[in-house]
>>> print(open('start09.pdb').read())   # PDB, C-alpha atoms and all ligand atoms
ATOM      1  CA  MET A 294      13.925  -2.215  17.143  1.00  0.00           C
ATOM      2  CA  ILE A 295      13.367  -0.148  14.029  1.00  0.00           C
ATOM      3  CA  THR A 296      11.801  -1.660  10.922  1.00  0.00           C
ATOM      4  CA  ARG A 297      11.533   0.126   7.614  1.00  0.00           C
ATOM      5  CA  ILE A 298       8.482  -0.434   5.472  1.00  0.00           C
ATOM      6  CA  SER A 299       8.993   0.869   2.005  1.00  0.00           C
ATOM      7  CA  ALA A 300       6.037   1.801  -0.174  1.00  0.00           C
ATOM      8  CA  ASP A 301       6.454   1.026  -3.858  1.00  0.00           C
ATOM      9  CA  ARG A 302       4.918   4.351  -4.661  1.00  0.00           C
ATOM     10  CA  MET A 303       7.664   6.966  -4.634  1.00  0.00           C
ATOM     11  CA  ASP A 304       9.750   4.755  -2.383  1.00  0.00           C
ATOM     12  CA  SER A 305       8.457   6.544   0.713  1.00  0.00           C
ATOM     13  CA  ASN A 306       9.344   4.963   4.034  1.00  0.00           C
ATOM     14  CA  THR A 307       7.173   4.236   7.009  1.00  0.00           C
ATOM     15  CA  TYR A 308       9.025   3.124  10.127  1.00  0.00           C
ATOM     16  CA  LEU A 309       7.936   0.960  13.000  1.00  0.00           C
ATOM     17  CA  VAL A 310       9.744   1.450  16.274  1.00  0.00           C
ATOM     18  CA  THR A 311       8.996  -1.455  18.564  1.00  0.00           C
ATOM     19  CA  GLU A 312       9.583  -2.274  22.187  1.00  0.00           C
ATOM     20  CA  GLY A 313       8.284  -5.732  22.893  1.00  0.00           C
ATOM     21  CA  ARG A 314       4.901  -5.759  21.204  1.00  0.00           C
ATOM     22  CA  SER A 315       4.331  -2.039  21.549  1.00  0.00           C
ATOM     23  CA  ALA A 316       4.928   0.023  18.448  1.00  0.00           C
ATOM     24  CA  VAL A 317       5.217   3.592  17.279  1.00  0.00           C
ATOM     25  CA  ILE A 318       4.559   4.257  13.614  1.00  0.00           C
ATOM     26  CA  ILE A 319       6.534   7.022  11.968  1.00  0.00           C
ATOM     27  CA  ASP A 320       4.812   8.447   8.881  1.00  0.00           C
ATOM     28  CA  ALA A 321       2.033   6.688   7.037  1.00  0.00           C
ATOM     29  CA  ALA A 322       3.158   6.054   3.497  1.00  0.00           C
ATOM     30  CA  SER A 323       1.916   2.522   3.154  1.00  0.00           C
ATOM     31  CA  GLY A 324      -1.062   1.368   5.173  1.00  0.00           C
ATOM     32  CA  SER A 325      -1.428  -2.150   3.846  1.00  0.00           C
ATOM     33  CA  ALA A 326       2.231  -3.043   4.346  1.00  0.00           C
ATOM     34  CA  VAL A 327       2.129  -1.627   7.880  1.00  0.00           C
ATOM     35  CA  LEU A 328      -1.019  -3.604   8.666  1.00  0.00           C
ATOM     36  CA  ARG A 329       0.610  -6.780   7.406  1.00  0.00           C
ATOM     37  CA  GLU A 330       3.680  -6.225   9.551  1.00  0.00           C
ATOM     38  CA  VAL A 331       1.600  -5.357  12.624  1.00  0.00           C
ATOM     39  CA  ARG A 332      -0.554  -8.461  12.231  1.00  0.00           C
ATOM     40  CA  GLU A 333       2.331 -10.819  11.488  1.00  0.00           C
ATOM     41  CA  LYS A 334       4.219  -9.719  14.563  1.00  0.00           C
ATOM     42  CA  GLY A 335       1.182  -9.179  16.780  1.00  0.00           C
ATOM     43  CA  LEU A 336       2.168  -5.571  17.424  1.00  0.00           C
ATOM     44  CA  VAL A 337       0.121  -2.976  19.245  1.00  0.00           C
ATOM     45  CA  PRO A 338       0.598   0.518  17.767  1.00  0.00           C
ATOM     46  CA  GLU A 339       0.409   3.289  20.347  1.00  0.00           C
ATOM     47  CA  PHE A 340       1.278   6.460  18.434  1.00  0.00           C
ATOM     48  CA  ILE A 341       1.743   7.728  14.899  1.00  0.00           C
ATOM     49  CA  LEU A 342       4.398  10.429  14.487  1.00  0.00           C
ATOM     50  CA  LEU A 343       4.668  12.581  11.372  1.00  0.00           C
ATOM     51  CA  THR A 344       7.842  14.014   9.846  1.00  0.00           C
ATOM     52  CA  HIS A 345       5.986  16.382   7.523  1.00  0.00           C
ATOM     53  CA  GLU A 346       2.818  17.134   5.648  1.00  0.00           C
ATOM     54  CA  HIS A 347       3.558  15.928   2.121  1.00  0.00           C
ATOM     55  CA  PHE A 348       1.098  13.471   0.595  1.00  0.00           C
ATOM     56  CA  ASP A 349       3.611  10.716  -0.025  1.00  0.00           C
ATOM     57  CA  HIS A 350       4.299  10.445   3.728  1.00  0.00           C
ATOM     58  CA  ILE A 351       0.660  10.552   4.865  1.00  0.00           C
ATOM     59  CA  TRP A 352      -1.044   8.693   2.018  1.00  0.00           C
ATOM     60  CA  ASP A 353      -2.532   6.099   4.351  1.00  0.00           C
ATOM     61  CA  LEU A 354      -2.760   8.078   7.576  1.00  0.00           C
ATOM     62  CA  GLU A 355      -6.552   7.970   7.746  1.00  0.00           C
ATOM     63  CA  GLU A 356      -6.548   4.275   6.885  1.00  0.00           C
ATOM     64  CA  LEU A 357      -4.167   3.589   9.777  1.00  0.00           C
ATOM     65  CA  ARG A 358      -6.215   5.769  12.122  1.00  0.00           C
ATOM     66  CA  LYS A 359      -9.301   3.765  11.240  1.00  0.00           C
ATOM     67  CA  GLU A 360      -7.480   0.577  12.105  1.00  0.00           C
ATOM     68  CA  PHE A 361      -5.807   1.783  15.288  1.00  0.00           C
ATOM     69  CA  SER A 362      -7.324   4.619  17.253  1.00  0.00           C
ATOM     70  CA  VAL A 363      -4.032   6.063  18.406  1.00  0.00           C
ATOM     71  CA  PRO A 364      -2.969   9.675  18.778  1.00  0.00           C
ATOM     72  CA  VAL A 365      -1.085  11.283  15.922  1.00  0.00           C
ATOM     73  CA  ALA A 366       1.702  13.703  16.870  1.00  0.00           C
ATOM     74  CA  ALA A 367       2.679  16.527  14.520  1.00  0.00           C
ATOM     75  CA  CYS A 368       3.884  20.095  14.768  1.00  0.00           C
ATOM     76  CA  ARG A 369       1.088  22.643  14.462  1.00  0.00           C
ATOM     77  CA  ILE A 370       1.989  23.657  10.930  1.00  0.00           C
ATOM     78  CA  CYS A 371       2.155  20.063   9.753  1.00  0.00           C
ATOM     79  CA  SER A 372      -1.163  19.314  11.466  1.00  0.00           C
ATOM     80  CA  GLU A 373      -2.762  22.258   9.683  1.00  0.00           C
ATOM     81  CA  ARG A 374      -1.269  21.444   6.323  1.00  0.00           C
ATOM     82  CA  ILE A 375      -2.307  17.796   6.190  1.00  0.00           C
ATOM     83  CA  GLN A 376      -5.908  19.081   6.200  1.00  0.00           C
ATOM     84  CA  ASP A 377      -5.604  20.878   2.875  1.00  0.00           C
ATOM     85  CA  VAL A 378      -5.031  19.363  -0.573  1.00  0.00           C
ATOM     86  CA  LYS A 379      -2.978  22.351  -1.638  1.00  0.00           C
ATOM     87  CA  THR A 380      -0.557  22.207   1.284  1.00  0.00           C
ATOM     88  CA  ASN A 381      -0.243  18.422   1.525  1.00  0.00           C
ATOM     89  CA  LEU A 382       0.451  18.635  -2.224  1.00  0.00           C
ATOM     90  CA  SER A 383      -2.001  15.857  -3.038  1.00  0.00           C
ATOM     91  CA  ASN A 384      -3.495  18.224  -5.612  1.00  0.00           C
ATOM     92  CA  ILE A 385      -0.318  17.782  -7.651  1.00  0.00           C
ATOM     93  CA  ALA A 386       0.485  14.214  -6.581  1.00  0.00           C
ATOM     94  CA  ASP A 387       0.102  12.988 -10.173  1.00  0.00           C
ATOM     95  CA  ILE A 388       2.644  15.444 -11.474  1.00  0.00           C
ATOM     96  CA  LEU A 389       5.170  14.894  -8.698  1.00  0.00           C
ATOM     97  CA  TYR A 390       4.772  11.149  -8.954  1.00  0.00           C
ATOM     98  CA  TYR A 391       5.330  11.157 -12.673  1.00  0.00           C
ATOM     99  CA  TYR A 392       8.269  13.488 -12.293  1.00  0.00           C
ATOM    100  CA  LYS A 393       9.900  11.237  -9.744  1.00  0.00           C
ATOM    101  CA  THR A 394       9.119   7.804 -11.164  1.00  0.00           C
ATOM    102  CA  GLY A 395       8.378   8.325 -14.842  1.00  0.00           C
ATOM    103  CA  VAL A 396       5.230   6.258 -14.312  1.00  0.00           C
ATOM    104  CA  VAL A 397       1.622   7.427 -14.333  1.00  0.00           C
ATOM    105  CA  LEU A 398       0.055   7.232 -10.884  1.00  0.00           C
ATOM    106  CA  GLU A 399      -2.864   4.823 -10.957  1.00  0.00           C
ATOM    107  CA  GLY A 400      -5.731   4.659  -8.533  1.00  0.00           C
ATOM    108  CA  ARG A 401      -4.144   7.241  -6.296  1.00  0.00           C
ATOM    109  CA  SER A 402      -4.684  10.354  -8.295  1.00  0.00           C
ATOM    110  CA  LYS A 403      -7.446  11.604  -6.008  1.00  0.00           C
ATOM    111  CA  THR A 404      -6.691  14.477  -3.734  1.00  0.00           C
ATOM    112  CA  PHE A 405      -7.125  13.780  -0.055  1.00  0.00           C
ATOM    113  CA  THR A 406      -6.985  15.444   3.327  1.00  0.00           C
ATOM    114  CA  CYS A 407      -6.330  14.189   6.836  1.00  0.00           C
ATOM    115  CA  ARG A 408      -7.801  15.132  10.169  1.00  0.00           C
ATOM    116  CA  PRO A 409      -5.688  17.261  12.500  1.00  0.00           C
ATOM    117  CA  ALA A 410      -3.190  15.608  14.823  1.00  0.00           C
ATOM    118  CA  GLU A 411      -4.220  14.865  18.397  1.00  0.00           C
ATOM    119  CA  ILE A 412      -0.852  15.874  19.843  1.00  0.00           C
ATOM    120  CA  VAL A 413       0.134  19.235  18.441  1.00  0.00           C
ATOM    121  CA  TYR A 414       3.326  21.085  19.335  1.00  0.00           C
ATOM    122  CA  GLU A 415       5.027  24.210  18.056  1.00  0.00           C
ATOM    123  CA  ASP A 416       8.764  23.973  17.357  1.00  0.00           C
ATOM    124  CA  ARG A 417       9.929  21.421  19.889  1.00  0.00           C
ATOM    125  CA  TYR A 418       8.421  18.548  21.751  1.00  0.00           C
ATOM    126  CA  SER A 419       9.625  15.537  23.689  1.00  0.00           C
ATOM    127  CA  MET A 420       7.855  12.344  24.516  1.00  0.00           C
ATOM    128  CA  GLU A 421       8.797   9.458  26.784  1.00  0.00           C
ATOM    129  CA  TRP A 422       7.707   6.110  25.494  1.00  0.00           C
ATOM    130  CA  ARG A 423       8.345   2.748  27.140  1.00  0.00           C
ATOM    131  CA  GLY A 424      11.831   3.582  28.298  1.00  0.00           C
ATOM    132  CA  HIS A 425      12.664   5.529  25.138  1.00  0.00           C
ATOM    133  CA  ARG A 426      12.613   9.180  24.366  1.00  0.00           C
ATOM    134  CA  PHE A 427      11.501  10.945  21.206  1.00  0.00           C
ATOM    135  CA  ASP A 428      12.640  14.529  20.618  1.00  0.00           C
ATOM    136  CA  PHE A 429      10.972  16.544  17.896  1.00  0.00           C
ATOM    137  CA  GLN A 430      12.372  19.672  16.312  1.00  0.00           C
ATOM    138  CA  ARG A 431      10.673  21.639  13.576  1.00  0.00           C
ATOM    139  CA  LEU A 432      13.116  22.398  10.787  1.00  0.00           C
ATOM    140  CA  PRO A 433      11.506  24.346   7.949  1.00  0.00           C
ATOM    141  CA  GLY A 434      12.924  24.538   4.460  1.00  0.00           C
ATOM    142  CA  HIS A 435      11.747  21.418   2.704  1.00  0.00           C
ATOM    143  CA  SER A 436       8.284  22.358   3.936  1.00  0.00           C
ATOM    144  CA  PRO A 437       7.041  24.641   6.727  1.00  0.00           C
ATOM    145  CA  GLY A 438       5.905  21.652   8.798  1.00  0.00           C
ATOM    146  CA  SER A 439       9.032  19.507   8.475  1.00  0.00           C
ATOM    147  CA  VAL A 440      10.438  18.060  11.680  1.00  0.00           C
ATOM    148  CA  VAL A 441      13.306  15.788  12.554  1.00  0.00           C
ATOM    149  CA  ILE A 442      12.477  13.171  15.178  1.00  0.00           C
ATOM    150  CA  THR A 443      15.346  11.861  17.280  1.00  0.00           C
ATOM    151  CA  LEU A 444      15.040   8.585  19.166  1.00  0.00           C
ATOM    152  CA  ASP A 445      17.176   8.109  22.277  1.00  0.00           C
ATOM    153  CA  GLY A 446      19.636  10.704  21.030  1.00  0.00           C
ATOM    154  CA  ASN A 447      21.184   8.308  18.526  1.00  0.00           C
ATOM    155  CA  SER A 448      18.684   7.675  15.725  1.00  0.00           C
ATOM    156  CA  CYS A 449      17.113  10.388  13.578  1.00  0.00           C
ATOM    157  CA  PHE A 450      14.017  10.176  11.422  1.00  0.00           C
ATOM    158  CA  THR A 451      14.705  12.959   8.995  1.00  0.00           C
ATOM    159  CA  GLY A 452      11.736  12.941   6.612  1.00  0.00           C
ATOM    160  CA  ASP A 453      12.848  14.479   3.357  1.00  0.00           C
ATOM    161  CA  TYR A 454      16.180  15.717   4.743  1.00  0.00           C
ATOM    162  CA  LEU A 455      19.444  13.793   4.623  1.00  0.00           C
ATOM    163  CA  ILE A 456      18.297  11.359   1.943  1.00  0.00           C
ATOM    164  CA  GLN A 457      21.360   9.606   0.593  1.00  0.00           C
ATOM    165  CA  GLY A 458      22.372  10.754  -2.856  1.00  0.00           C
ATOM    166  CA  GLU A 459      19.885  13.635  -2.932  1.00  0.00           C
ATOM    167  CA  GLU A 460      20.299  17.318  -2.408  1.00  0.00           C
ATOM    168  CA  GLU A 461      17.922  18.944   0.041  1.00  0.00           C
ATOM    169  CA  ILE A 462      14.733  19.877  -1.814  1.00  0.00           C
ATOM    170  CA  THR A 463      13.327  23.307  -1.014  1.00  0.00           C
ATOM    171  CA  ARG A 464      11.687  24.108  -4.336  1.00  0.00           C
ATOM    172  CA  LEU A 465       8.297  22.498  -3.714  1.00  0.00           C
ATOM    173  CA  LYS A 466       5.388  24.781  -2.892  1.00  0.00           C
ATOM    174  CA  GLY A 467       5.777  25.878   0.736  1.00  0.00           C
ATOM    175  CA  GLY A 468       9.492  25.158   0.674  1.00  0.00           C
ATOM    176  CA  SER A 469      11.962  27.886   1.591  1.00  0.00           C
ATOM    177  CA  GLU A 470      15.621  27.937   0.691  1.00  0.00           C
ATOM    178  CA  GLU A 471      16.011  30.876   3.048  1.00  0.00           C
ATOM    179  CA  ASP A 472      14.596  28.968   6.031  1.00  0.00           C
ATOM    180  CA  TYR A 473      16.697  25.984   5.100  1.00  0.00           C
ATOM    181  CA  GLN A 474      19.887  28.008   5.001  1.00  0.00           C
ATOM    182  CA  SER A 475      19.183  30.148   8.062  1.00  0.00           C
ATOM    183  CA  ILE A 476      17.568  27.611  10.410  1.00  0.00           C
ATOM    184  CA  THR A 477      17.843  24.039   9.303  1.00  0.00           C
ATOM    185  CA  ARG A 478      21.119  23.455   7.575  1.00  0.00           C
ATOM    186  CA  SER A 479      23.315  24.023  10.617  1.00  0.00           C
ATOM    187  CA  VAL A 480      21.127  21.769  12.768  1.00  0.00           C
ATOM    188  CA  LEU A 481      21.352  18.926  10.278  1.00  0.00           C
ATOM    189  CA  GLU A 482      25.085  19.405   9.931  1.00  0.00           C
ATOM    190  CA  ALA A 483      25.465  19.285  13.718  1.00  0.00           C
ATOM    191  CA  ILE A 484      23.917  15.823  13.987  1.00  0.00           C
ATOM    192  CA  PRO A 485      26.865  13.831  15.311  1.00  0.00           C
ATOM    193  CA  GLU A 486      28.687  11.333  13.146  1.00  0.00           C
ATOM    194  CA  GLY A 487      27.684   7.830  14.090  1.00  0.00           C
ATOM    195  CA  THR A 488      23.993   8.755  14.400  1.00  0.00           C
ATOM    196  CA  ARG A 489      21.699   6.345  12.581  1.00  0.00           C
ATOM    197  CA  ILE A 490      19.758   8.232   9.918  1.00  0.00           C
ATOM    198  CA  PHE A 491      16.345   6.974   8.854  1.00  0.00           C
ATOM    199  CA  PRO A 492      15.228   9.140   5.947  1.00  0.00           C
ATOM    200  CA  GLY A 493      11.773   9.321   4.385  1.00  0.00           C
ATOM    201  CA  HIS A 494      13.087   7.760   1.193  1.00  0.00           C
ATOM    202  CA  GLY A 495      15.799   5.194   0.573  1.00  0.00           C
ATOM    203  CA  ASP A 496      18.010   3.239   2.936  1.00  0.00           C
ATOM    204  CA  GLU A 497      19.072   4.031   6.447  1.00  0.00           C
ATOM    205  CA  TYR A 498      22.745   4.785   7.025  1.00  0.00           C
ATOM    206  CA  ILE A 499      25.188   5.982   9.635  1.00  0.00           C
ATOM    207  CA  LYS A 500      26.051   9.675   9.507  1.00  0.00           C
ATOM    208  CA  GLY A 501      29.623  10.012   8.365  1.00  0.00           C
ATOM    209  CA  GLN A 502      29.487   6.683   6.549  1.00  0.00           C
ATOM    210  CA  GLU A 503      27.273   7.596   3.624  1.00  0.00           C
ATOM    211  CA  SER A 504      27.788   5.253   0.710  1.00  0.00           C
ATOM    212  CA  ILE A 505      29.166   7.306  -2.106  1.00  0.00           C
ATOM    213  CA  GLY A 506      28.445   6.681  -5.749  1.00  0.00           C
ATOM    214  CA  ASN A 507      27.603   3.003  -5.696  1.00  0.00           C
ATOM    215  CA  GLU A 508      24.194   3.209  -7.316  1.00  0.00           C
TER     216      GLU A 508
HETATM  217 ZN    ZN B   1       8.400  15.916   1.268  1.00  0.00          ZN
END
>>> encode(input="start09.pdb", output="structure tokens", more="lines below")
Ligand SMILES: [Zn+2]
Amino acid sequence: MITRISADRMDSNTYLVTEGRSAVIIDAASGSAVLREVREKGLVPEFILLTHEHFDHIWDLEELRKEFSVPVAACRICSERIQDVKTNLSNIADILYYYKTGVVLEGRSKTFTCRPAEIVYEDRYSMEWRGHRFDFQRLPGHSPGSVVITLDGNSCFTGDYLIQGEEEITRLKGGSEEDYQSITRSVLEAIPEGTRIFPGHGDEYIKGQESIGNE
């Protein structure tokens, strides 16, 4: 089962993939909401997987690590970049937050870093988990450490790619339109229709059945 936990701040999603009581956490945007969900349902987190290094997806990573000592999986570049305020963009979180929401960021304007991931891979990685399979593929463009995580070949956690109603963003520091066009775009386009897409912001949807213009 896949549950979306949406943080109020910047509408960033954290996902919980569960099998029985076992859980995998994807991204760490909202620690308190994840903790609530885990406690309410009596879940046991076993891994945290990261889609990319940007602050709004890892805001509460260290908080979650304190609570659950589970391995974090990230590509090498993402693992390196979460350790630096300039590459996780927390040094400009205030500006990006204001730009996106029109509201001044309160209580969160401090820069932060995270410890490196425990499971570090280069461009591709696969992981079996309780009868499921996660496939990771690094797809630079939005950021150098962006990956798409596919679950059982039919559900994709796409981070800041394939967000409904948004164009792909490559203009942030570390982003590369060239990498996006030459490496990533064709891979995203080749995701089969019918795949469930779980983006880092906004609602999930089925590829090929995007809701158009009803906002
Ligand atoms: Zn991002």
>>> residues_near_ligand(input="start09.pdb", ligand="ligand ZN 1 (chain B)", cutoff="7 Å", atoms="all atoms listed in the file", output="PyMOL selection string")
chain A and resi 345+347+435-436+452-453
>>> resolve_selection(input="start09.pdb", expression="the PyMOL selection byres (((chain A and resi 303) around 9) and not hetatm)", output="number ranges by chain")
A: 300-302, 304-305, 349, 390, 393-394, 494
>>> write_last_selection(input="start09.pdb", atoms="C-alpha atoms", output="compact mmCIF listing (two decimals), in the frame of the given file")
# COMPACT_ATOMS: atom_id res chain seq x y z
CA ALA A 300 6.04 1.80 -0.17
CA ASP A 301 6.45 1.03 -3.86
CA ARG A 302 4.92 4.35 -4.66
CA ASP A 304 9.75 4.76 -2.38
CA SER A 305 8.46 6.54 0.71
CA ASP A 349 3.61 10.72 -0.02
CA TYR A 390 4.77 11.15 -8.95
CA LYS A 393 9.90 11.24 -9.74
CA THR A 394 9.12 7.80 -11.16
CA HIS A 494 13.09 7.76 1.19
>>> closest_residue(input="start09.pdb", among="A:Lys500, A:Thr488, A:Cys407, A:Ser479", to="Arg358 in chain A", atoms="all atoms listed in the file")
A:Cys407
>>> atom_distance(input="start09.pdb", atom1="CA of Glu497 in chain A", atom2="CA of Ser475 in chain A")
26.2 Å
>>> closest_residue(input="start09.pdb", among="A:Val317, A:Arg431, A:Thr344, A:Ser362", to="Phe491 in chain A", atoms="only C-alpha atoms")
A:Thr344
>>> residues_around(input="start09.pdb", residues="range 458-467 of chain A", least_positions_apart="4", cutoff="8 Å", atoms="only C-alpha atoms", output="list in words")
Thr380, Leu382, Gly434, His435, Ser436, Pro437, Asp453, Tyr454, Tyr473, Ile505 and Gly506 of chain A
>>> closest_atom_pairs(input="start09.pdb", of="range 437-484 of chain A", to="range 413-421 of chain A", cutoff="12 Å", atoms="all atoms listed in the file", output="CSV")
residue,atom,partner,partner_atom,distance
A:Pro437,CA,A:Asp416,CA,10.8
A:Gly438,CA,A:Asp416,CA,9.3
A:Ser439,CA,A:Asp416,CA,9.9
A:Val440,CA,A:Asp416,CA,8.4
A:Val441,CA,A:Arg417,CA,9.8
A:Ile442,CA,A:Ser419,CA,9.3
A:Thr443,CA,A:Ser419,CA,9.3
A:Leu444,CA,A:Met420,CA,9.7
A:Asp445,CA,A:Glu421,CA,9.6
A:Gly446,CA,A:Ser419,CA,11.4
A:Ile476,CA,A:Asp416,CA,11.8
>>> write_last_selection(input="start09.pdb", atoms="C-alpha atoms", output="JSON list (two decimals), keeping the file's coordinate frame")
[["chain", "number", "residue", "atom", "x", "y", "z"],
["A", 437, "PRO", "CA", 7.04, 24.64, 6.73],
["A", 438, "GLY", "CA", 5.90, 21.65, 8.80],
["A", 439, "SER", "CA", 9.03, 19.51, 8.48],
["A", 440, "VAL", "CA", 10.44, 18.06, 11.68],
["A", 441, "VAL", "CA", 13.31, 15.79, 12.55],
["A", 442, "ILE", "CA", 12.48, 13.17, 15.18],
["A", 443, "THR", "CA", 15.35, 11.86, 17.28],
["A", 444, "LEU", "CA", 15.04, 8.59, 19.17],
["A", 445, "ASP", "CA", 17.18, 8.11, 22.28],
["A", 446, "GLY", "CA", 19.64, 10.70, 21.03],
["A", 476, "ILE", "CA", 17.57, 27.61, 10.41]]
>>> residues_around(input="start09.pdb", residues="Phe340 in chain A", least_positions_apart="2", cutoff="8 Å", atoms="all atoms listed in the file", output="list in words")
Ala316, Val317, Ile318, Pro338, Leu342, Val363, Pro364, Val365 and Ala366 of chain A
>>> axis_aligned_box(input="start09.pdb", around="range 414-424 of chain A", padding_each_side="3 Å", output="lines of an AutoDock Vina configuration file")
center_x = 7.6
center_y = 13.5
center_z = 22.8
size_x = 14.5
size_y = 27.5
size_z = 16.9
>>> resolve_selection(input="start09.pdb", expression="the PyMOL selection byres (((chain A and resi 337) around 8) and not hetatm)", output="JSON, numbers by chain")
{"A": [314, 315, 316, 331, 335, 336, 338, 339]}
>>> write_last_selection(input="start09.pdb", atoms="C-alpha atoms", output="CSV table (one decimal), in the frame of the given file")
chain,number,residue,atom,x,y,z
A,314,ARG,CA,4.9,-5.8,21.2
A,315,SER,CA,4.3,-2.0,21.5
A,316,ALA,CA,4.9,0.0,18.4
A,331,VAL,CA,1.6,-5.4,12.6
A,335,GLY,CA,1.2,-9.2,16.8
A,336,LEU,CA,2.2,-5.6,17.4
A,338,PRO,CA,0.6,0.5,17.8
A,339,GLU,CA,0.4,3.3,20.3
>>> atom_distance(input="start09.pdb", atom1="CA of Phe429 in chain A", atom2="CA of Ser504 in chain A")
26.6 Å
>>> closest_residue(input="start09.pdb", among="A:Tyr308, A:Trp422, A:Tyr392, A:Phe348", to="Glu330 in chain A", atoms="only C-alpha atoms")
A:Tyr308
>>> closest_residue(input="start09.pdb", among="A:Arg329, A:Lys379, A:Leu481, A:Cys371", to="Ala410 in chain A", atoms="all atoms listed in the file")
A:Cys371
>>> residues_around(input="start09.pdb", residues="Thr307 in chain A", least_positions_apart="6", cutoff="12 Å", atoms="only C-alpha atoms", output="mmCIF file with C-alpha atoms, in the coordinates of the input")
data_model
loop_
_atom_site.group_PDB
_atom_site.id
_atom_site.type_symbol
_atom_site.label_atom_id
_atom_site.label_comp_id
_atom_site.auth_asym_id
_atom_site.auth_seq_id
_atom_site.Cartn_x
_atom_site.Cartn_y
_atom_site.Cartn_z
ATOM 1 C CA ILE A 295 13.367 -0.148 14.029
ATOM 2 C CA THR A 296 11.801 -1.660 10.922
ATOM 3 C CA ARG A 297 11.533 0.126 7.614
ATOM 4 C CA ILE A 298 8.482 -0.434 5.472
ATOM 5 C CA SER A 299 8.993 0.869 2.005
ATOM 6 C CA ALA A 300 6.037 1.801 -0.174
ATOM 7 C CA ASP A 301 6.454 1.026 -3.858
ATOM 8 C CA VAL A 317 5.217 3.592 17.279
ATOM 9 C CA ILE A 318 4.559 4.257 13.614
ATOM 10 C CA ILE A 319 6.534 7.022 11.968
ATOM 11 C CA ASP A 320 4.812 8.447 8.881
ATOM 12 C CA ALA A 321 2.033 6.688 7.037
ATOM 13 C CA ALA A 322 3.158 6.054 3.497
ATOM 14 C CA SER A 323 1.916 2.522 3.154
ATOM 15 C CA GLY A 324 -1.062 1.368 5.173
ATOM 16 C CA SER A 325 -1.428 -2.150 3.846
ATOM 17 C CA ALA A 326 2.231 -3.043 4.346
ATOM 18 C CA VAL A 327 2.129 -1.627 7.880
ATOM 19 C CA LEU A 328 -1.019 -3.604 8.666
ATOM 20 C CA GLU A 330 3.680 -6.225 9.551
ATOM 21 C CA ILE A 341 1.743 7.728 14.899
ATOM 22 C CA LEU A 342 4.398 10.429 14.487
ATOM 23 C CA LEU A 343 4.668 12.581 11.372
ATOM 24 C CA THR A 344 7.842 14.014 9.846
ATOM 25 C CA ASP A 349 3.611 10.716 -0.025
ATOM 26 C CA HIS A 350 4.299 10.445 3.728
ATOM 27 C CA ILE A 351 0.660 10.552 4.865
ATOM 28 C CA TRP A 352 -1.044 8.693 2.018
ATOM 29 C CA ASP A 353 -2.532 6.099 4.351
ATOM 30 C CA LEU A 354 -2.760 8.078 7.576
ATOM 31 C CA LEU A 357 -4.167 3.589 9.777
ATOM 32 C CA PHE A 450 14.017 10.176 11.422
ATOM 33 C CA THR A 451 14.705 12.959 8.995
ATOM 34 C CA GLY A 452 11.736 12.941 6.612
ATOM 35 C CA PHE A 491 16.345 6.974 8.854
ATOM 36 C CA PRO A 492 15.228 9.140 5.947
ATOM 37 C CA GLY A 493 11.773 9.321 4.385
ATOM 38 C CA HIS A 494 13.087 7.760 1.193
ATOM 39 C CA GLY A 495 15.799 5.194 0.573
ATOM 40 C CA ASP A 496 18.010 3.239 2.936
ATOM 41 C CA GLU A 497 19.072 4.031 6.447
#
